[in-house]
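A.B. asks: Below: one structure in structure tokens.
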Amino acid sequence: MPTSEADPTLSAEAAATTADALTYQSIIDSANGILIGFVERIPYFVASIIVILIFWFLSIVFKKIVYKLLGSRSRHQNLVKVFQRVGGALIIFIGLMIAMVIAVPGFTPTKLIGALGIGSVAIGFAFKDIFQNLLSGILLLISEPFRIGDQIVSGDYEGTVEDIKIRATTIKTYDGRQVVIPNSDLYTSALTVNTAYKQRRLQLAVGIGYADDINEAKAEIMQALSRADTVSKEATPTIIAVNLGDSTIDLIVRWFIDDGTQANKVSSIDQVLIEVKTALDAAGIDMPFPVRTLDMSDPSVKAMVKSLNKQNDASKDQTETTSLITE
């Protein structure tokens, strides 16, 4: 009776089929495990979202409470913004930490702090400017060198402060452009606040003739200033003779305005200039143009005149010769 032997090719195919089946089954089991784990974590994800929404709502309530407690104090508006933004961000951060602990198995704030500690040096170098602006913004909001609505000058930019954020300050220039200035520049550089005080002094240069009486001109200018309604009545204007110019005696007229904004400054200068010009013209006080005197007796001038006369004569002779040849 013949003896049957197993075919090695069939055995290899069966082994390969079995291995593929086991691999496929392991993939299915892994996918099922992930799906089951995800389904089991859905309540935790929902709970974490609810926690974030609760803390977000708490941050809004905190901002409103701070505004009610400190918002009525006009001199502490920047401080209100500090408490609102920093406090609100801190509340939301705490909510995120709690949500992460609920949603992610094994997550703890200690692990996050340890991870941040490992990369703190790299993060510090990468975000040095950002952190510097953040710290400068907080210090600006606390120290309040200026407030929203003030008109400031910083470097080449001048305008009205629209918003003071923790990273940068936004100003609107007088020609209607928006400029965003990093807070570190405002905190470390010289800054001019034009509306820091109630009054602001302006000045105008006026020149009168040498034949005019200085005291009379001052009296007329003072009368003109009294007629200008933009000139402050709380401070006395001053008129000072400062220079003997080439053709005028130079006077500096100084006065104060009660509103230091740019619009009021321009309006006041315009009004004062018109009033002063009108008053001096009515009083017959001259405001001469620059005058230059030429001394024709100087030998060099005479030589120049002779040279010009010779050139004119030569030009005439040449013209007459050309005319005869043409005829």
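Labeling convention for the structure tokens: chains A, B, ... as they appear, residues from 1 per chain, ligands from 1 in order of appearance.
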Can you pull out the residues contacting Ser154 (chain A)? Cut-off 10 Å, using only C-alpha atoms, and skip same-chain residues under 6 positions away; I want them as an mmCIF file with C-alpha atoms, in the first residue's frame.
C.D. replies:
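Output file selection_20.cif is given in full below:
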```cif
data_model
loop_
_atom_site.group_PDB
_atom_site.id
_atom_site.type_symbol
_atom_site.label_atom_id
_atom_site.label_comp_id
_atom_site.auth_asym_id
_atom_site.auth_seq_id
_atom_site.Cartn_x
_atom_site.Cartn_y
_atom_site.Cartn_z
ATOM 1 C CA ILE A 181 4.220 99.719 19.160
ATOM 2 C CA ASP A 185 9.948 100.082 23.250
ATOM 3 C CA LEU A 186 7.512 102.248 25.216
ATOM 4 C CA SER A 189 12.597 104.545 25.568
ATOM 5 C CA ALA A 190 11.771 108.207 26.124
ATOM 6 C CA LEU A 191 8.049 108.903 25.868
ATOM 7 C CA THR A 192 6.172 112.206 25.613
ATOM 8 C CA VAL A 193 2.578 112.401 26.855
#
```
A.B. asks: Tell me which of A:Thr160, A:Arg167, A:Ser315, A:Gly207 sits closest to Pro290 (chain A), counting only C-alpha atoms.
C.D. replies: A:Gly207
A.B. asks: Find the residues around Ile65 (chain A) up to 12 Å (only C-alpha atoms counted), leave out those fewer than 4 positions away in its own chain, and share them as a VMD selection string.
C.D. replies: chain A and resid 58 to 61 69 to 72 80 83 to 84 87 to 88
A.B. asks: Taking only C-alpha atoms into account, name the residue in A:Asn183, A:Gln199, A:Ser268, A:Thr248 that is nearest to Asp129 (chain A).
C.D. replies: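 The shortest atom-to-atom distance to Asp129 (chain A) comes from A:Asn183.
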A.B. asks: So which residues touch Arg200 (chain A) within 9 Å, counting only C-alpha atoms, skipping near sequence neighbours fewer than 4 positions away, as a list in words?
C.D. replies: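 What passes the distance filter is Asn194, Thr195, Trp255, Phe256, Ile257, Asp258, Asp259, Gly260, Thr261 and Lys265 of chain A.
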A.B. asks: From a DSSP pass on the backbone, collect the residues of region 151-189 of chain A flagged as strand (DSSP E) and hand them back as a PyMOL selection string.
C.D. replies: chain A and resi 151-154+157-164+168-173+178-182
A.B. asks: Please write the residues from the selection above to a file, keeping N, CA and C atoms, as a PDB file, in the first residue's frame.
C.D. replies:
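New file selection-v3.pdb:
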```pdb
ATOM      1  N   GLN A 151      -2.681 111.386  24.213  1.00  0.00           N
ATOM      2  CA  GLN A 151      -1.929 111.580  22.978  1.00  0.00           C
ATOM      3  C   GLN A 151      -0.442 111.576  23.324  1.00  0.00           C
ATOM      4  N   ILE A 152       0.292 110.652  22.700  1.00  0.00           N
ATOM      5  CA  ILE A 152       1.687 110.432  23.052  1.00  0.00           C
ATOM      6  C   ILE A 152       2.572 110.559  21.824  1.00  0.00           C
ATOM      7  N   VAL A 153       3.874 110.729  22.101  1.00  0.00           N
ATOM      8  CA  VAL A 153       4.900 110.747  21.058  1.00  0.00           C
ATOM      9  C   VAL A 153       5.944 109.709  21.445  1.00  0.00           C
ATOM     10  N   SER A 154       6.164 108.730  20.560  1.00  0.00           N
ATOM     11  CA  SER A 154       7.157 107.692  20.802  1.00  0.00           C
ATOM     12  C   SER A 154       7.985 107.527  19.537  1.00  0.00           C
ATOM     13  N   TYR A 157       6.605 108.265  15.923  1.00  0.00           N
ATOM     14  CA  TYR A 157       5.156 108.112  15.877  1.00  0.00           C
ATOM     15  C   TYR A 157       4.490 108.998  16.922  1.00  0.00           C
ATOM     16  N   GLU A 158       3.382 109.612  16.520  1.00  0.00           N
ATOM     17  CA  GLU A 158       2.601 110.464  17.406  1.00  0.00           C
ATOM     18  C   GLU A 158       1.131 110.236  17.110  1.00  0.00           C
ATOM     19  N   GLY A 159       0.340 110.063  18.174  1.00  0.00           N
ATOM     20  CA  GLY A 159      -1.081 109.837  17.977  1.00  0.00           C
ATOM     21  C   GLY A 159      -1.801 109.609  19.286  1.00  0.00           C
ATOM     22  N   THR A 160      -3.040 109.139  19.171  1.00  0.00           N
ATOM     23  CA  THR A 160      -3.911 108.909  20.324  1.00  0.00           C
ATOM     24  C   THR A 160      -3.909 107.432  20.678  1.00  0.00           C
ATOM     25  N   VAL A 161      -3.747 107.107  21.961  1.00  0.00           N
ATOM     26  CA  VAL A 161      -3.714 105.717  22.419  1.00  0.00           C
ATOM     27  C   VAL A 161      -5.114 105.128  22.298  1.00  0.00           C
ATOM     28  N   GLU A 162      -5.230 104.029  21.536  1.00  0.00           N
ATOM     29  CA  GLU A 162      -6.516 103.359  21.361  1.00  0.00           C
ATOM     30  C   GLU A 162      -6.666 102.166  22.286  1.00  0.00           C
ATOM     31  N   ASP A 163      -5.583 101.422  22.504  1.00  0.00           N
ATOM     32  CA  ASP A 163      -5.664 100.238  23.361  1.00  0.00           C
ATOM     33  C   ASP A 163      -4.284  99.926  23.910  1.00  0.00           C
ATOM     34  N   ILE A 164      -4.257  99.437  25.150  1.00  0.00           N
ATOM     35  CA  ILE A 164      -3.007  99.019  25.795  1.00  0.00           C
ATOM     36  C   ILE A 164      -3.146  97.536  26.089  1.00  0.00           C
ATOM     37  N   ALA A 168       1.487  94.743  23.214  1.00  0.00           N
ATOM     38  CA  ALA A 168       1.759  95.947  22.431  1.00  0.00           C
ATOM     39  C   ALA A 168       0.680  96.982  22.700  1.00  0.00           C
ATOM     40  N   THR A 169       1.006  98.221  22.332  1.00  0.00           N
ATOM     41  CA  THR A 169       0.075  99.341  22.474  1.00  0.00           C
ATOM     42  C   THR A 169      -0.282  99.857  21.083  1.00  0.00           C
ATOM     43  N   THR A 170      -1.562 100.119  20.862  1.00  0.00           N
ATOM     44  CA  THR A 170      -2.052 100.586  19.571  1.00  0.00           C
ATOM     45  C   THR A 170      -2.378 102.071  19.656  1.00  0.00           C
ATOM     46  N   ILE A 171      -1.829 102.853  18.721  1.00  0.00           N
ATOM     47  CA  ILE A 171      -2.151 104.282  18.655  1.00  0.00           C
ATOM     48  C   ILE A 171      -2.686 104.610  17.263  1.00  0.00           C
ATOM     49  N   LYS A 172      -3.505 105.644  17.217  1.00  0.00           N
ATOM     50  CA  LYS A 172      -4.037 106.147  15.951  1.00  0.00           C
ATOM     51  C   LYS A 172      -3.389 107.490  15.666  1.00  0.00           C
ATOM     52  N   THR A 173      -2.643 107.568  14.555  1.00  0.00           N
ATOM     53  CA  THR A 173      -1.958 108.810  14.213  1.00  0.00           C
ATOM     54  C   THR A 173      -2.966 109.860  13.774  1.00  0.00           C
ATOM     55  N   GLN A 178      -3.060 103.446  11.822  1.00  0.00           N
ATOM     56  CA  GLN A 178      -2.916 102.691  13.067  1.00  0.00           C
ATOM     57  C   GLN A 178      -1.485 102.191  13.197  1.00  0.00           C
ATOM     58  N   VAL A 179      -0.878 102.419  14.359  1.00  0.00           N
ATOM     59  CA  VAL A 179       0.495 101.996  14.615  1.00  0.00           C
ATOM     60  C   VAL A 179       0.498 101.108  15.861  1.00  0.00           C
ATOM     61  N   VAL A 180       1.117  99.942  15.746  1.00  0.00           N
ATOM     62  CA  VAL A 180       1.246  99.015  16.870  1.00  0.00           C
ATOM     63  C   VAL A 180       2.692  99.075  17.361  1.00  0.00           C
ATOM     64  N   ILE A 181       2.888  99.529  18.603  1.00  0.00           N
ATOM     65  CA  ILE A 181       4.220  99.719  19.160  1.00  0.00           C
ATOM     66  C   ILE A 181       4.458  98.664  20.230  1.00  0.00           C
ATOM     67  N   PRO A 182       5.539  97.873  20.144  1.00  0.00           N
ATOM     68  CA  PRO A 182       5.833  96.902  21.211  1.00  0.00           C
ATOM     69  C   PRO A 182       5.998  97.601  22.558  1.00  0.00           C
TER      70      PRO A 182
END
```
A.B. asks: Provide the CA of Val242 (chain A) to CA of Val272 (chain A) distance in Å, to one decimal place.
C.D. replies: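 Result for CA of Val242 (chain A) versus CA of Val272 (chain A): 19.3 Å, one decimal.
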A.B. asks: So how far away is CA of Ser48 (chain A) from CA of Ile36 (chain A), in Å?
C.D. replies: 18.9 Å
A.B. asks: Would you compute the distance between CA of Asp270 (chain A) and CA of Asn215 (chain A)? Give it in Å to one decimal.
C.D. replies: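 Between these atoms lies a distance of 23.7 Å.
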A.B. asks: Hey, what's within 12 Å of Val51 (chain A) if we count only C-alpha atoms and toss same-chain stuff fewer than 2 positions away? As a list in words, please?
C.D. replies: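 My reading of the contact set: Tyr44, Phe45, Val46, Ala47, Ser48, Ile49, Leu53, Ile54, Phe55, Trp56, Phe57, Leu58, Ile91, Ile92, Phe93, Ile94, Gly95, Leu96, Met97, Ile98, Ala99, Met100, Val101, Ile102 and Ala103 of chain A.
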